[in-house]
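Presented below is the structure to which this report refers.
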Amino acid sequence: MKQNYLKKFLPHIMAIAIFIVISAIYFSPILKGLELQQSDMMNFKGGAKELIDYKESTGKAASWTNSMFGGMPSYQIQSPSTNNVLIPLSAPLKLWGFQLNLGIVFLYMLGFYVFIVALGGSPWIGIIAGISFALASYNIIIIEVGHITKAWAMSMMAPILGGMILVFRKKYLSGSAIFIFSLALQIYFNHIQITYYTMIAGVVLGLTYFIYSIKDKQVKDFLIGVGILIVGALISIMPTSAQLMLNKEYVAHTMRGGSELTIKPKGDTQTKNDKGLTIDYAYGWSYGVGESMSVLIPDARGGGSSDQRWEKNAENRIRTAQSVAPAKGQDPNVNQVVNQYVGATYWGEQPFTAGTVYFGAIVIFLAILGFLLLKGRERWWLLGATIISFILSWGNNFMAINEWLFYNLPLYNKFRTPSMALVLANVTLVIAAFLGLKEFFSQDLDAKKRKKSLFIAGGIAGGITLLCAIMPEMFASFSSSKDDVFNQWLGSSYIQALFDDRKALFVSDSWRSFLLIAFAFGSLFLFATDKLKKSNIIVAILGVLILFDLWGVDKRYLTETNFKRSQETAILATPADEEIYKLNEQNKVNHYRVYNMSVNTFNDATTSYFHPSIGGYHGAKLQRYQDIIDFYMTNQNYVQNDLSDTSKIRTNQLRQLYFQFKGQIPPINFGVLNMLDAKYFVLPLGEKGQGVAIQNSEACGAAWFVPTIDWARDANEEILKLDNFDPRKVAIVDVKFKGIAKPIAQADPNASVVFEKAADNNPEYLKYTTSSTTEGILVCSEIYYAEDWKCYIDGKETPYFRANYILRGVNVPAGKHVVEFKLESSTYKTFNLISLLGSILICLIILLPILYPIYKNRKNKTTTPTQPANKKK
């Protein structure tokens, strides 16, 4: 019995061991104590620092952060503390104890292995399929740049679809368990756009099975399967329901939820969308139609800004450009632009990219073979989902369809970066490749069909790559929309050299793909002609070829040079940061924000690592805050010059510097920044652009009383009234708050407010002590978010209103009072209970396919009648 169990589980143990070894070898520098330098993770470190520190000191996960954009919900930065069983269950899968990025590659491979084995493929085919998906270039590149939640979510796409197929094949126990657990994990990993693409694949799969159920007169079985999957999806959502509902509330108020404004800032020509992102913004990173050939030939449109093969050529080209440009008397900023663009291999349609999207020449060849060999529903759902994936990825390069989809496909306008849709094709093509390989080795396959399909697939994949190698101009012009500026600066001879380099790389990779396909074709040909009858040997040969292929391309983008010592990946305080700390200590400041203009303010979260920041980095900012950025922080048309008030210029060093260096400093609207308590500005005036910290003496502080309310009829008027306003003299309030916000007859000029910082630095609690001889209108420099925050005066809940478009205001009675704001989400309380119930169900569902066969075997043993002994005649 023990030998049978060992024989049964040994291939799976070996698969896990192989996956760990491959992951460990690729990320071997971490075994030496090095860390992967990831741009997005640097921003995550900055934006999450306050939350991490608070959780380490208290054990609680805060749902609000004050470190970015004046304050914002943290649901998309850190998961709230919930009764979610997936948190401990996912830890071993991520290999947290070993290394985060290693765990991602392991999870990629494991997910695909589960898919192939569950659908009847051999463990060896499952191992190669897992490697093929894990090492596809995009899947490695997103680790290099730090898109970690996206990677985790992608690893669950194949097992989710595999679970669906098993359910439709009436394997209800195993299918529903795989589907529910995989989907629950993907939802927990919290990358909704990847879940959306998985859903699209699931819909295509379901529609295909429905059509065939009508054809085969099995509609009843199909409907049972759909019912099981719908119930399973609802159960999958339950453990993460608290986080999902909080995010649902939050998204409605973010850039993904659209803007209330029907006006644009002066000079803005972008199309507005009141239901989601603007189409210009959402389709900013659209894959080119011709660029899609990169899935077969890595350098179909070049590589990226960090392609290791290009460094020598880039250095020579940069030196040439830098020497030519000054001689021609061109723009003095040429060096910066040349370093950014000429030093990169990429020449496709996107603004820039970290690297090519390459699925593997052998994988594409096998996928074509798979489409020829797979039958009926499996062929058509995979082909349909693949085509949809490519169409979506083309974004604004295929507006004939994609414009309609953007405005009509449910929820689609909440997402950006259409090129990300290729993750779906990556999954479906690997599935087609290895389910097709399973069919190729099947003894039931007609030998004639096996050979014919092999020659057709080889002819298509090999033929395209061969034509690209010998006649490259048929497939590319090797020019880019960015080349005009180089032609202007550096001349046509330089541009021709650039074209020649691009062509050389394209031809080189075309030959590379052709040869790899030829080797793969040859190994399968040996099997098809009975020269080599053991399929496992062929699988091993293909595995080595695929590993060589993908590993080689991946190493162009993620190599040992990307790993640094911990000191090199740390965010270090600048002299400006140290100066701010010093001033805070001297002046006993307990509330402030920093406006850092020496970095890309609204795409950089390093400032947030040290201070509460006006800026930061996040893909789903609150829409009203983004409106303020568009109107008053990045728009020269709304600068508050206030030239008439010379006393402010004399007493505020910041204003003096602004007027002195006006051309070198981004636009400043003092009224808006003062109301956000921007007590410190970091100006790019030091040596080599190093920031210099300057105190802003006009910052309003944590809270202040204003004497009057200026009513705004709607959001348009509300934001326009902020132009050249004085936040200490007036509060701009929408008329819809007239039942809450009350004007006062007379204000106390000596009214005071004292802000008390929470002893444990709790981001979810604010306390003010007020003193006034009259009723007052208190404005707090905190971002208005009524979904979660409640206001209390002397312990009694009190309604509050939105002031100055994004801040909080409350009427405070005369006398001395304690005003508190507490983050108390009723949504969290309700759905945290549902999370607990869902967690219990998930555990039972995982155990059921394991325990039920054991129960069934025991029952069969106890009910089997004893055979009577033979009697001698």
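Residue names in the structure tokens use chain letters A, B, ... in the order shown, residue numbers from 1 in each chain, and ligand numbers from 1 in the order shown.
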
Residue neighbourhood segment 420-435 of chain A, 8 Å, only C-alpha atoms, exclusion window fewer than 5 positions, as a VMD selection string: chain A and resid 116 121 125 to 126 129 132 to 133 136 154 157 to 158 197 to 198 201 359 363 to 371 374 379 382 to 383 385 to 387 389 to 390 392 to 393

Near-Thr529 of chain A list (9 Å; only C-alpha atoms; drop same-chain fewer than 4 positions) as a VMD selection string: chain A and resid 447 451 524 to 525 533

Spatial neighbours of Ala570 of chain A, 10 Å, only C-alpha atoms, chain gap at least 5 places, as a ChimeraX atom specification: /A:37,42,45,564-565

Considering only C-alpha atoms, give me a table of residues in segment 734-800 of chain A that are at most 10 Å from segment 609-631 of chain A, with the closest atom pair and distance in Å for each, as JSON lines.
```
{"residue": "A:Ile783", "atom": "CA", "partner": "A:Tyr625", "partner_atom": "CA", "distance": 8.5}
{"residue": "A:Tyr784", "atom": "CA", "partner": "A:Arg624", "partner_atom": "CA", "distance": 9.6}
{"residue": "A:Tyr785", "atom": "CA", "partner": "A:Leu622", "partner_atom": "CA", "distance": 9.3}
```

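In terms of minimum interatomic distance to Pro88 of chain A, A:Leu185 ranks closest within A:Leu185, A:Val779, A:Ala803, A:Leu542, counting only C-alpha atoms.
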